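final-v7.txt follows; it contains compact mmCIF, C-alpha atoms.
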# COMPACT_ATOMS: atom_id res chain seq x y z
CA MET B 1 1.88 146.57 -113.11
CA ALA B 2 -0.32 143.60 -112.37
CA VAL B 3 -3.74 144.90 -113.36
CA GLU B 4 -4.46 147.61 -115.92
CA LEU B 5 -5.60 151.03 -114.74
CA ASP B 6 -9.17 152.23 -114.43
CA PRO B 7 -9.74 154.36 -117.55
CA HIS B 8 -12.56 156.31 -115.84
CA PRO B 9 -12.59 159.82 -117.40
CA ASP B 10 -12.83 161.56 -113.98
CA PHE B 11 -9.40 160.29 -113.01
CA GLN B 12 -7.48 161.16 -116.17
CA GLU B 13 -6.81 164.75 -115.12
CA PHE B 14 -4.94 163.68 -111.98
CA ALA B 15 -1.15 163.59 -111.82
CA GLU B 16 -1.28 159.79 -111.41
CA PRO B 17 -4.67 158.72 -112.77
CA GLY B 18 -4.00 155.08 -111.89
CA ARG B 19 -4.03 155.70 -108.16
CA LEU B 20 -7.82 155.75 -107.98
CA VAL B 21 -10.33 153.15 -109.03
CA SER B 22 -14.07 153.60 -109.33
CA THR B 23 -16.68 151.36 -107.78
CA GLU B 24 -17.74 150.22 -111.28
CA TRP B 25 -14.21 149.24 -112.16
CA LEU B 26 -13.71 147.33 -108.94
CA ALA B 27 -17.03 145.49 -109.28
CA GLU B 28 -16.00 144.37 -112.77
CA ASN B 29 -12.50 143.34 -111.77
CA LEU B 30 -13.15 141.53 -108.49
CA GLY B 31 -11.54 138.13 -108.36
CA ARG B 32 -8.90 138.99 -110.99
CA ASP B 33 -5.56 137.36 -110.61
CA GLY B 34 -3.04 139.89 -109.27
CA LEU B 35 -5.69 142.10 -107.64
CA VAL B 36 -6.15 142.21 -103.87
CA VAL B 37 -8.76 144.35 -102.16
CA VAL B 38 -7.91 145.51 -98.63
CA GLU B 39 -10.47 146.94 -96.22
CA SER B 40 -9.14 149.21 -93.48
CA ASP B 41 -11.63 150.79 -91.11
CA GLU B 42 -11.77 152.79 -87.99
CA ASP B 43 -14.54 150.55 -86.68
CA VAL B 44 -12.91 147.22 -85.98
CA LEU B 45 -16.19 145.32 -86.51
CA LEU B 46 -17.28 146.72 -89.87
CA TYR B 47 -15.48 144.17 -92.02
CA GLU B 48 -17.17 141.34 -90.17
CA THR B 49 -20.62 142.87 -90.68
CA GLY B 50 -20.10 142.68 -94.46
CA HIS B 51 -17.34 143.54 -96.93
CA ILE B 52 -16.58 143.58 -100.65
CA PRO B 53 -16.37 139.96 -101.80
CA GLY B 54 -12.83 138.66 -101.53
CA ALA B 55 -11.50 141.67 -99.60
CA VAL B 56 -9.03 141.04 -96.78
CA LYS B 57 -9.05 143.10 -93.61
CA VAL B 58 -6.02 145.01 -92.37
CA ASP B 59 -6.55 146.58 -88.98
CA TRP B 60 -4.59 149.79 -88.40
CA HIS B 61 -4.43 149.35 -84.65
CA THR B 62 -3.58 145.68 -84.21
CA GLU B 63 -1.77 144.83 -87.45
CA LEU B 64 0.23 147.79 -88.75
CA ASN B 65 1.85 148.77 -85.45
CA GLN B 66 4.38 147.04 -83.27
CA GLY B 67 3.38 145.89 -79.83
CA VAL B 68 5.82 147.68 -77.58
CA LEU B 69 7.88 150.02 -79.72
CA ARG B 70 5.68 152.94 -80.79
CA ASP B 71 6.26 152.44 -84.51
CA TYR B 72 5.03 150.63 -87.59
CA LEU B 73 5.94 147.07 -88.39
CA ASP B 74 9.52 146.45 -89.40
CA GLY B 75 10.42 144.71 -92.67
CA GLU B 76 10.08 141.23 -91.16
CA GLY B 77 6.75 142.07 -89.59
CA PHE B 78 5.36 143.57 -92.78
CA ALA B 79 6.46 140.61 -94.89
CA GLU B 80 4.85 138.27 -92.38
CA LEU B 81 1.60 140.26 -92.49
CA MET B 82 1.58 140.23 -96.31
CA ARG B 83 2.20 136.48 -96.43
CA LYS B 84 -0.60 135.85 -93.98
CA LYS B 85 -3.00 138.09 -95.90
CA GLY B 86 -2.12 136.45 -99.19
CA ILE B 87 -0.62 139.54 -100.83
CA LYS B 88 2.22 139.17 -103.34
CA ARG B 89 4.85 141.85 -103.91
CA THR B 90 3.62 142.27 -107.49
CA ASP B 91 -0.10 142.45 -106.63
CA THR B 92 -2.23 145.48 -107.30
CA VAL B 93 -3.72 146.45 -103.93
CA VAL B 94 -6.92 148.47 -103.78
CA PHE B 95 -7.75 149.99 -100.38
CA TYR B 96 -11.16 151.08 -99.15
CA GLY B 97 -12.82 151.70 -95.81
CA ASP B 98 -15.15 153.74 -93.64
CA LYS B 99 -15.00 157.46 -92.82
CA ASN B 100 -14.30 158.50 -96.43
CA ASN B 101 -11.24 156.26 -96.58
CA TRP B 102 -9.25 157.82 -93.71
CA TRP B 103 -7.95 154.50 -92.59
CA ALA B 104 -7.71 153.12 -96.11
CA ALA B 105 -5.41 156.02 -97.04
CA TYR B 106 -3.46 155.49 -93.82
CA ALA B 107 -2.95 151.79 -94.57
CA LEU B 108 -1.94 152.67 -98.13
CA TRP B 109 0.61 155.14 -96.79
CA VAL B 110 2.09 152.51 -94.47
CA PHE B 111 2.33 150.07 -97.41
CA THR B 112 4.11 152.85 -99.31
CA LEU B 113 6.86 152.91 -96.66
CA PHE B 114 7.69 149.38 -97.77
CA GLY B 115 7.79 150.35 -101.43
CA HIS B 116 4.89 148.16 -102.52
CA GLU B 117 4.46 149.48 -106.03
CA ASP B 118 0.87 149.31 -107.15
CA LEU B 119 -1.34 150.77 -104.43
CA ARG B 120 -4.71 152.34 -105.26
CA ILE B 121 -7.75 153.70 -103.50
CA LEU B 122 -11.37 152.88 -104.19
CA ASP B 123 -12.69 156.40 -104.64
CA GLY B 124 -15.54 157.01 -102.18
CA GLY B 125 -14.79 153.92 -100.11
CA ARG B 126 -17.43 151.93 -98.23
CA LYS B 127 -19.91 154.73 -98.36
CA LYS B 128 -20.03 154.98 -102.16
CA TRP B 129 -20.04 151.21 -102.60
CA GLU B 130 -22.97 150.97 -100.18
CA ASP B 131 -24.89 153.94 -101.55
CA GLU B 132 -24.81 152.27 -104.93
CA GLY B 133 -26.29 149.14 -103.42
CA ARG B 134 -23.31 146.99 -104.34
CA GLU B 135 -22.69 143.53 -103.00
CA TYR B 136 -21.21 142.67 -99.60
CA THR B 137 -20.40 139.31 -98.14
CA LYS B 138 -19.75 138.10 -94.60
CA ALA B 139 -17.57 135.25 -95.84
CA PRO B 140 -13.98 135.86 -94.71
CA ALA B 141 -11.48 136.07 -97.56
CA ASN B 142 -9.43 132.99 -98.02
CA ARG B 143 -6.27 133.75 -99.92
CA PRO B 144 -3.37 131.32 -100.08
CA GLU B 145 -0.28 132.34 -98.19
CA THR B 146 2.35 134.11 -100.27
CA ASP B 147 6.09 134.47 -100.21
CA TYR B 148 6.49 138.22 -99.63
CA PRO B 149 10.09 139.43 -99.44
CA VAL B 150 11.47 141.27 -96.41
CA ILE B 151 11.82 144.92 -97.43
CA GLU B 152 13.37 147.48 -95.13
CA ARG B 153 10.97 150.28 -94.21
CA ASP B 154 11.84 153.60 -95.85
CA ASP B 155 11.37 156.31 -93.24
CA ARG B 156 12.93 159.08 -95.32
CA THR B 157 10.92 159.52 -98.49
CA TYR B 158 7.30 159.75 -97.37
CA ARG B 159 7.59 159.96 -93.61
CA ALA B 160 8.64 162.86 -91.40
CA PHE B 161 9.71 162.69 -87.76
CA ARG B 162 9.63 165.57 -85.29
CA PHE B 163 13.27 166.44 -86.03
CA ASP B 164 12.46 166.53 -89.74
CA VAL B 165 9.72 169.03 -89.00
CA ALA B 166 12.14 171.16 -86.96
CA LYS B 167 14.64 171.15 -89.83
CA HIS B 168 11.88 171.91 -92.32
CA PHE B 169 10.86 175.26 -90.78
CA GLY B 170 10.65 177.90 -93.48
CA LYS B 171 9.11 175.45 -95.94
CA PRO B 172 5.39 174.64 -96.21
CA ILE B 173 3.59 172.66 -93.53
CA LEU B 174 -0.04 171.59 -93.89
CA ASP B 175 -2.25 171.01 -90.86
CA ILE B 176 -5.38 169.15 -91.87
CA ARG B 177 -7.20 169.17 -88.51
CA SER B 178 -10.41 171.02 -87.75
CA PRO B 179 -10.22 174.83 -87.41
CA GLU B 180 -10.82 174.51 -83.63
CA GLU B 181 -7.92 172.13 -83.18
CA TYR B 182 -5.71 174.32 -85.38
CA SER B 183 -6.43 177.56 -83.56
CA GLY B 184 -5.95 175.95 -80.17
CA GLU B 185 -9.52 176.13 -78.96
CA ARG B 186 -9.33 172.41 -78.37
CA THR B 187 -6.68 169.73 -78.15
CA SER B 188 -8.65 166.96 -79.84
CA ALA B 189 -11.02 166.50 -82.78
CA PRO B 190 -14.62 167.43 -81.96
CA ALA B 191 -15.74 163.79 -81.88
CA TYR B 192 -12.50 162.41 -80.43
CA PRO B 193 -12.04 164.14 -77.09
CA GLU B 194 -9.82 161.41 -75.72
CA GLU B 195 -7.05 161.68 -78.32
CA GLY B 196 -5.58 164.81 -76.90
CA ALA B 197 -2.25 166.48 -76.38
CA LEU B 198 -0.99 168.60 -73.51
CA ARG B 199 -1.07 171.83 -75.51
CA ALA B 200 -3.58 173.11 -78.05
CA GLY B 201 -2.61 174.94 -81.22
CA HIS B 202 -0.52 174.17 -84.30
CA ILE B 203 3.04 173.86 -85.52
CA PRO B 204 4.30 177.37 -86.31
CA SER B 205 3.78 178.44 -89.95
CA ALA B 206 1.49 175.49 -90.79
CA VAL B 207 -1.49 176.37 -92.96
CA ASN B 208 -4.87 174.79 -92.28
CA VAL B 209 -7.00 172.84 -94.76
CA PRO B 210 -9.29 170.44 -92.89
CA TRP B 211 -8.97 167.04 -94.55
CA GLY B 212 -12.68 166.71 -95.34
CA ARG B 213 -12.46 169.59 -97.80
CA ALA B 214 -10.63 167.28 -100.20
CA VAL B 215 -13.74 165.17 -100.73
CA ASN B 216 -17.18 165.63 -102.15
CA GLU B 217 -19.42 165.63 -99.10
CA GLU B 218 -22.13 163.64 -100.74
CA THR B 219 -20.15 160.81 -102.28
CA GLY B 220 -17.00 160.84 -100.16
CA ALA B 221 -14.98 160.73 -103.42
CA TYR B 222 -12.03 163.07 -104.00
CA LYS B 223 -12.86 166.41 -105.60
CA THR B 224 -11.72 167.27 -109.13
CA ARG B 225 -8.18 168.37 -109.86
CA ALA B 226 -9.28 171.96 -110.42
CA GLU B 227 -11.08 172.02 -107.06
CA LEU B 228 -8.11 170.49 -105.26
CA GLU B 229 -5.71 172.93 -106.87
CA ALA B 230 -7.92 175.85 -105.90
CA LEU B 231 -7.86 174.57 -102.34
CA TYR B 232 -4.23 173.67 -101.74
CA GLN B 233 -2.40 175.83 -104.27
CA GLY B 234 -4.86 178.70 -104.48
CA GLU B 235 -6.31 179.16 -101.03
CA VAL B 236 -3.30 178.35 -98.85
CA GLY B 237 -0.57 178.76 -101.45
CA LEU B 238 1.16 175.38 -101.37
CA ASP B 239 3.52 174.70 -104.24
CA PRO B 240 3.91 171.25 -105.86
CA LYS B 241 7.62 171.93 -106.35
CA GLU B 242 8.34 172.72 -102.72
CA PRO B 243 8.98 170.05 -100.10
CA THR B 244 5.85 169.85 -97.93
CA ILE B 245 4.98 168.12 -94.66
CA ALA B 246 1.41 167.22 -93.70
CA TYR B 247 0.19 166.29 -90.24
CA CYS B 248 -2.98 165.83 -88.21
CA ARG B 249 -3.60 164.32 -84.79
CA ILE B 250 -2.22 160.81 -85.18
CA GLY B 251 -1.29 160.80 -88.87
CA GLU B 252 -4.32 159.09 -90.35
CA ARG B 253 -6.39 161.98 -91.70
CA SER B 254 -3.20 163.54 -93.06
CA SER B 255 -2.51 160.33 -95.01
CA HIS B 256 -5.75 161.08 -96.84
CA SER B 257 -4.54 164.62 -97.69
CA TRP B 258 -1.03 163.30 -98.39
CA PHE B 259 -2.54 161.02 -101.03
CA ALA B 260 -4.30 163.97 -102.67
CA LEU B 261 -1.14 166.10 -102.74
CA LYS B 262 1.17 163.32 -103.87
CA TYR B 263 -0.85 161.39 -106.43
CA LEU B 264 -3.73 163.62 -107.47
CA LEU B 265 -1.83 166.92 -107.63
CA GLY B 266 1.65 165.52 -108.22
CA PHE B 267 3.54 167.25 -105.38
CA GLU B 268 7.15 166.25 -105.84
CA ASP B 269 8.14 165.82 -102.21
CA VAL B 270 5.42 165.47 -99.61
CA ARG B 271 5.83 163.66 -96.32
CA ASN B 272 3.39 162.68 -93.61
CA TYR B 273 4.40 163.50 -90.01
CA ASP B 274 2.67 160.59 -88.28
CA GLY B 275 3.73 161.67 -84.80
CA SER B 276 1.47 164.61 -85.56
CA TRP B 277 -0.21 166.74 -82.91
CA THR B 278 -0.38 164.06 -80.22
CA GLU B 279 3.43 164.17 -80.30
CA TRP B 280 4.20 167.81 -81.14
CA GLY B 281 1.56 169.13 -78.76
CA SER B 282 3.11 167.17 -75.89
CA LEU B 283 6.83 167.61 -76.66
CA VAL B 284 8.91 169.57 -74.19
CA GLY B 285 10.55 172.70 -75.55
CA VAL B 286 8.95 173.03 -78.98
CA PRO B 287 7.20 176.16 -80.18
CA ILE B 288 3.51 176.20 -81.05
CA VAL B 289 1.09 178.84 -82.29
CA LYS B 290 -2.30 179.45 -80.71
CA SER B 291 -4.18 181.38 -83.36
CA SER B 292 -6.21 180.87 -86.48
CA GLU B 293 -3.26 182.43 -88.36
CA PRO B 294 -0.23 180.29 -89.34
CA GLY B 295 2.31 182.44 -87.48
CA GLU B 296 6.02 182.86 -88.24
CA ALA B 297 8.28 179.92 -88.98
CA PRO B 298 11.08 179.65 -86.40
CA GLU B 299 14.66 179.23 -87.61
CA PRO B 300 15.16 175.62 -88.71
CA ILE B 301 16.87 173.58 -86.02
CA SER B 302 18.70 170.34 -86.35
CA SER B 303 16.98 168.33 -83.65
CA TYR B 304 14.22 168.09 -81.07
CA MET D 305 -8.99 144.85 -61.17
CA THR D 306 -12.39 144.28 -59.63
CA ASP D 307 -13.46 140.70 -59.13
CA LEU D 308 -16.14 139.41 -61.51
CA ALA D 309 -18.18 138.51 -58.42
CA ASN D 310 -18.60 142.22 -57.64
CA LEU D 311 -20.43 142.88 -60.90
CA PRO D 312 -24.18 142.70 -61.47
CA PRO D 313 -24.96 139.22 -62.88
CA VAL D 314 -25.52 140.17 -66.53
CA LEU D 315 -22.35 142.26 -66.74
CA ALA D 316 -20.41 139.50 -65.00
CA GLU D 317 -21.67 137.04 -67.59
CA ILE D 318 -20.69 139.30 -70.46
CA ALA D 319 -17.23 139.95 -69.01
CA GLU D 320 -16.68 136.25 -68.33
CA GLU D 321 -17.64 135.40 -71.89
CA PHE D 322 -15.21 137.98 -73.34
CA GLN D 323 -12.39 136.78 -71.16
CA ALA D 324 -12.84 133.24 -72.43
CA LEU D 325 -12.82 134.13 -76.13
CA ASP D 326 -9.96 134.50 -78.62
CA SER D 327 -9.65 137.72 -80.63
CA GLN D 328 -11.71 136.64 -83.65
CA SER D 329 -14.50 135.26 -81.43
CA LYS D 330 -14.49 138.49 -79.44
CA LEU D 331 -15.22 140.38 -82.67
CA GLU D 332 -18.05 137.99 -83.46
CA TYR D 333 -19.52 138.36 -79.99
CA LEU D 334 -19.33 142.16 -80.31
CA ILE D 335 -21.24 141.95 -83.60
CA GLU D 336 -23.87 139.79 -81.95
CA LEU D 337 -24.20 142.38 -79.19
CA ALA D 338 -24.40 145.20 -81.74
CA GLU D 339 -27.25 143.41 -83.47
CA GLU D 340 -29.07 142.97 -80.18
CA LEU D 341 -29.28 146.69 -79.46
CA PRO D 342 -33.01 147.39 -79.75
CA ASP D 343 -34.39 150.35 -81.66
CA LEU D 344 -35.33 153.36 -79.59
CA PRO D 345 -38.86 153.34 -78.16
CA GLU D 346 -41.14 155.47 -80.31
CA LYS D 347 -41.36 158.35 -77.87
CA PHE D 348 -37.66 159.14 -78.44
CA GLN D 349 -37.84 158.80 -82.19
CA ASP D 350 -40.12 161.83 -82.18
CA HIS D 351 -38.18 163.62 -79.42
CA PRO D 352 -34.49 163.53 -80.17
CA ASP D 353 -34.12 166.41 -77.67
CA LEU D 354 -34.63 163.93 -74.82
CA LEU D 355 -31.43 162.13 -75.77
CA GLU D 356 -27.93 163.01 -74.66
CA ARG D 357 -24.90 162.66 -76.93
CA VAL D 358 -22.01 160.66 -75.52
CA ILE D 359 -19.14 162.77 -76.80
CA GLU D 360 -16.49 160.34 -75.59
CA CYS D 361 -17.50 157.95 -78.35
CA GLN D 362 -16.03 158.41 -81.82
CA SER D 363 -19.38 157.88 -83.50
CA PRO D 364 -22.66 159.61 -82.78
CA VAL D 365 -24.28 157.72 -79.93
CA TYR D 366 -27.17 159.08 -77.94
CA ILE D 367 -28.49 157.75 -74.65
CA PHE D 368 -31.52 158.21 -72.47
CA VAL D 369 -31.53 157.03 -68.88
CA GLU D 370 -34.51 157.04 -66.54
CA VAL D 371 -35.25 155.72 -63.06
CA ASP D 372 -38.88 154.71 -62.54
CA GLU D 373 -40.97 154.83 -59.37
CA GLN D 374 -39.82 151.37 -58.36
CA ASN D 375 -36.24 152.69 -58.46
CA THR D 376 -35.54 150.59 -61.56
CA VAL D 377 -33.15 151.92 -64.20
CA HIS D 378 -34.11 152.02 -67.88
CA PHE D 379 -31.44 152.69 -70.47
CA HIS D 380 -31.99 153.42 -74.16
CA ALA D 381 -29.39 154.16 -76.78
CA THR D 382 -29.04 154.68 -80.49
CA ALA D 383 -25.96 154.59 -82.69
CA PRO D 384 -25.56 154.33 -86.47
CA ARG D 385 -25.45 150.95 -88.24
CA GLU D 386 -22.10 151.86 -89.78
CA SER D 387 -20.56 152.05 -86.31
CA PRO D 388 -21.05 148.51 -85.01
CA THR D 389 -18.42 148.82 -82.28
CA THR D 390 -20.22 151.78 -80.74
CA ARG D 391 -23.51 149.88 -81.05
CA ALA D 392 -21.94 146.91 -79.30
CA PHE D 393 -20.75 149.12 -76.42
CA ALA D 394 -24.22 150.63 -76.09
CA SER D 395 -25.74 147.18 -76.19
CA ILE D 396 -23.49 145.96 -73.35
CA VAL D 397 -24.59 148.87 -71.17
CA HIS D 398 -28.20 148.29 -72.24
CA GLN D 399 -28.16 144.64 -71.26
CA GLY D 400 -26.04 145.25 -68.20
CA VAL D 401 -27.96 148.02 -66.47
CA ASN D 402 -31.58 147.62 -67.52
CA GLY D 403 -33.67 146.38 -64.62
CA LEU D 404 -31.04 147.13 -61.98
CA THR D 405 -31.82 149.49 -59.12
CA ALA D 406 -30.26 152.93 -59.17
CA GLU D 407 -27.86 151.93 -56.39
CA GLU D 408 -26.78 148.81 -58.24
CA VAL D 409 -25.96 150.87 -61.32
CA LEU D 410 -23.99 153.38 -59.27
CA ALA D 411 -22.00 150.53 -57.75
CA ILE D 412 -20.76 149.22 -61.11
CA PRO D 413 -16.98 149.58 -60.91
CA GLU D 414 -15.52 151.84 -63.60
CA ASP D 415 -12.80 149.38 -64.40
CA PHE D 416 -15.57 147.14 -65.72
CA VAL D 417 -14.48 148.19 -69.19
CA ASP D 418 -11.00 146.73 -68.63
CA MET D 419 -12.57 143.48 -67.51
CA LEU D 420 -13.93 142.95 -71.02
CA ASP D 421 -10.37 142.30 -72.15
CA LEU D 422 -10.72 144.19 -75.43
CA LYS D 423 -7.33 145.92 -75.53
CA GLU D 424 -5.90 143.39 -77.96
CA ILE D 425 -8.52 144.06 -80.59
CA ILE D 426 -9.64 147.65 -80.07
CA SER D 427 -7.44 150.68 -79.59
CA PRO D 428 -7.43 151.80 -75.94
CA LEU D 429 -8.61 155.23 -77.02
CA ARG D 430 -11.73 153.70 -78.55
CA VAL D 431 -12.34 151.50 -75.55
CA ARG D 432 -12.48 154.69 -73.51
CA GLY D 433 -15.64 155.60 -75.42
CA MET D 434 -17.27 152.69 -73.65
CA LEU D 435 -16.16 154.08 -70.31
CA GLY D 436 -17.75 157.37 -71.37
CA LEU D 437 -21.05 155.57 -71.87
CA LEU D 438 -20.93 154.01 -68.42
CA VAL D 439 -19.86 157.19 -66.65
CA ARG D 440 -22.59 159.23 -68.30
CA THR D 441 -25.18 156.59 -67.50
CA LYS D 442 -24.19 156.69 -63.84
CA ARG D 443 -24.29 160.47 -63.84
CA LYS D 444 -27.81 160.41 -65.28
CA VAL D 445 -28.89 157.94 -62.62
CA ARG D 446 -27.35 160.10 -59.91
CA GLU D 447 -29.23 163.12 -61.25
CA ALA D 448 -32.49 161.18 -61.45
CA ILE D 449 -32.42 160.10 -57.81
CA ALA D 450 -31.04 163.34 -56.39
Hey, can you dump this file as structure tokens for me?
Amino acid sequence: MAVELDPHPDFQEFAEPGRLVSTEWLAENLGRDGLVVVESDEDVLLYETGHIPGAVKVDWHTELNQGVLRDYLDGEGFAELMRKKGIKRTDTVVFYGDKNNWWAAYALWVFTLFGHEDLRILDGGRKKWEDEGREYTKAPANRPETDYPVIERDDRTYRAFRFDVAKHFGKPILDIRSPEEYSGERTSAPAYPEEGALRAGHIPSAVNVPWGRAVNEETGAYKTRAELEALYQGEVGLDPKEPTIAYCRIGERSSHSWFALKYLLGFEDVRNYDGSWTEWGSLVGVPIVKSSEPGEAPEPISSY
Amino acid sequence: MTDLANLPPVLAEIAEEFQALDSQSKLEYLIELAEELPDLPEKFQDHPDLLERVIECQSPVYIFVEVDEQNTVHFHATAPRESPTTRAFASIVHQGVNGLTAEEVLAIPEDFVDMLDLKEIISPLRVRGMLGLLVRTKRKVREAIA
């Protein structure tokens, strides 16, 4: 571990307290050797308008995906990106961004596929940093190029494909979209009408906890462990010991919930289905449910 | 794609500029445009009901379009500071359509958005928000002169 953990008392109750850092901690540790801050936003211009001093930008759309194959970077591509950004394999990487860290959590999840060990989130993201009147700079980060090794992407441990979902039927699935998307009233998020699918509804048996319920509305920071447990384990009955798959529309909001389940609540086996509703809702021959109730799980099948 | 020559002069200039820039400079130009979006005239600040939400955009952006007695189009928009891309899109429409006649606005080709050459830096789904702005503006103009 390159940089010691944030000892903030709020985090100690979480399954992995070291996965979050507070704004105070980050402000004090900026510029430390072995610490890299990564900003990942939905709005492609935000970083340029001002960012945490020294932070590098990683754009989810242009940098984490491949050009023609609809997939994330391969091992070569990721190593190349890390070298260019000045990130070493042993570095502690702290992610933050806009929209309560949707994209920050998404970038963190993609880094996880490559087994980068020490990945953390700045609790509350841009919003909290800004609300506290903390410093921004427009100066682009200038980190020396590194020698990042080529690591093969692990698509089994934290990532689910459509056929994994089909095989998983009978075990818990978490849909973190809005209630209207879940019930099938609409095919896209209220503010994102263009990211649709051909059918509206949800994957059979999936329970619904809209992603935003994991955060404190005012600060954008994750809720306490007790609140998160009441939500995921109490309200919809998920079990940290059972294999669980989370999904949303394109996999980014569910990365945010995935982070909460995996690191804050200590779920043993939780995967993010990044194909999510834009894929499932357009696939030929797969069952869906149009209702505000989860519906019955079909028999698991080996492929779709 | 439509020829640049078929665009109103200001939009043609903006499109030409984008086409000549590399990705990083495109981002900088977008920020410049975002900063140039003027605040709403006072009458709208007190009357948010006069504004229409552009739901195609990912961030809350509201527009107001009017055609005056000289048949000149006036466009106003507001979008939050924390959504500079949306502000930049609104600013392009603001600069591009203000002062045109209603007919000139209606004649703006809808593939104008593709002519900005933004696909490399902004996800196509987001770029479509810009198209939403243009389409709604034209619809408002059409309603105003009907």
Find, counting all atoms listed in the file, the residue in B:Val209, B:Ile203, B:Ile250, B:Val36 that gets nearest to chain D.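 Closest candidate: B:Ile250.
Closest approach to chain D from the set B:Glu130, B:Asp147, B:Glu13, B:Glu76 is made by B:Glu130, with distances taken over only C-alpha atoms.
The smallest atom-to-atom distance between chain D and any of B:Pro140, B:Leu73, B:Ala27, B:Leu119, using all atoms listed in the file, is found for B:Pro140.
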Kindly provide, as a PDB file with C-alpha atoms, in the frame of the given file, the polymer residues lying within 8 Å of (9.5, 177.4, -93.1), counting all atoms listed in the file and using the coordinates exactly as they appear in the file.
ATOM      1  CA  HIS B 168      11.880 171.910 -92.320  1.00  0.00           C
ATOM      2  CA  PHE B 169      10.860 175.260 -90.780  1.00  0.00           C
ATOM      3  CA  GLY B 170      10.650 177.900 -93.480  1.00  0.00           C
ATOM      4  CA  LYS B 171       9.110 175.450 -95.940  1.00  0.00           C
ATOM      5  CA  PRO B 172       5.390 174.640 -96.210  1.00  0.00           C
ATOM      6  CA  ILE B 173       3.590 172.660 -93.530  1.00  0.00           C
ATOM      7  CA  SER B 205       3.780 178.440 -89.950  1.00  0.00           C
ATOM      8  CA  ALA B 297       8.280 179.920 -88.980  1.00  0.00           C
ATOM      9  CA  PRO B 298      11.080 179.650 -86.400  1.00  0.00           C
ATOM     10  CA  GLU B 299      14.660 179.230 -87.610  1.00  0.00           C
ATOM     11  CA  PRO B 300      15.160 175.620 -88.710  1.00  0.00           C
TER      12      PRO B 300
END
Using all atoms listed in the file, find each residue of range 320-439 of chain D with at least one atom at most 12 Å away from an atom of range 48-66 of chain B; report its shortest atom-to-atom pair and that distance in Å (one decimal), sort the rows by chain and rising residue number, and return the result as a Markdown table.
| residue | atom | partner | partner_atom | distance |
| --- | --- | --- | --- | --- |
| D:Ser327 | CA | B:Thr62 | CA | 10.6 |
| D:Gln328 | CA | B:Glu48 | CA | 9.7 |
| D:Ser329 | CA | B:Glu48 | CA | 11.0 |
| D:Lys330 | CA | B:Glu48 | CA | 11.4 |
| D:Leu331 | CA | B:Glu48 | CA | 7.8 |
| D:Glu332 | CA | B:Glu48 | CA | 7.6 |
| D:Tyr333 | CA | B:Glu48 | CA | 10.9 |
| D:Leu334 | CA | B:Glu48 | CA | 10.1 |
| D:Ile335 | CA | B:Thr49 | CA | 7.2 |
| D:Glu336 | CA | B:Thr49 | CA | 9.8 |
| D:Ala338 | CA | B:Thr49 | CA | 10.0 |
| D:Glu339 | CA | B:Thr49 | CA | 9.8 |
| D:Arg385 | CA | B:Thr49 | CA | 9.7 |
| D:Glu386 | CA | B:Thr49 | CA | 9.2 |
| D:Ser387 | CA | B:Thr49 | CA | 10.2 |
| D:Pro388 | CA | B:Thr49 | CA | 8.0 |
| D:Thr389 | CA | B:Thr49 | CA | 10.5 |
| D:Leu422 | CA | B:Thr62 | CA | 11.4 |
| D:Lys423 | CA | B:Thr62 | CA | 9.5 |
| D:Glu424 | CA | B:Thr62 | CA | 7.0 |
| D:Ile425 | CA | B:Thr62 | CA | 6.3 |
| D:Ile426 | CA | B:His61 | CA | 7.1 |
| D:Ser427 | CA | B:His61 | CA | 6.0 |
| D:Pro428 | CA | B:His61 | CA | 9.5 |
| D:Leu429 | CA | B:His61 | CA | 10.5 |
| D:Arg430 | CA | B:His61 | CA | 10.5 |
I need the residue nearest chain B from this list: D:Leu355, D:Thr405, D:Leu435, D:Phe379. Use only C-alpha atoms for the distance.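 Among D:Leu355, D:Thr405, D:Leu435, D:Phe379, it is D:Leu435 that comes nearest to chain B.
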Counting only C-alpha atoms, the option among D:Ala394, D:Ala406, D:Val365, D:Leu344 closest to Ala450 in chain D: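 Comparing D:Ala394, D:Ala406, D:Val365, D:Leu344 against Ala450 in chain D, the winner is D:Ala406.
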How far is it from CA of Val68 in chain B to CA of Asp43 in chain B, in Å with one decimal?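 Value for the CA of Val68 in chain B-CA of Asp43 in chain B distance: 22.5 Å.
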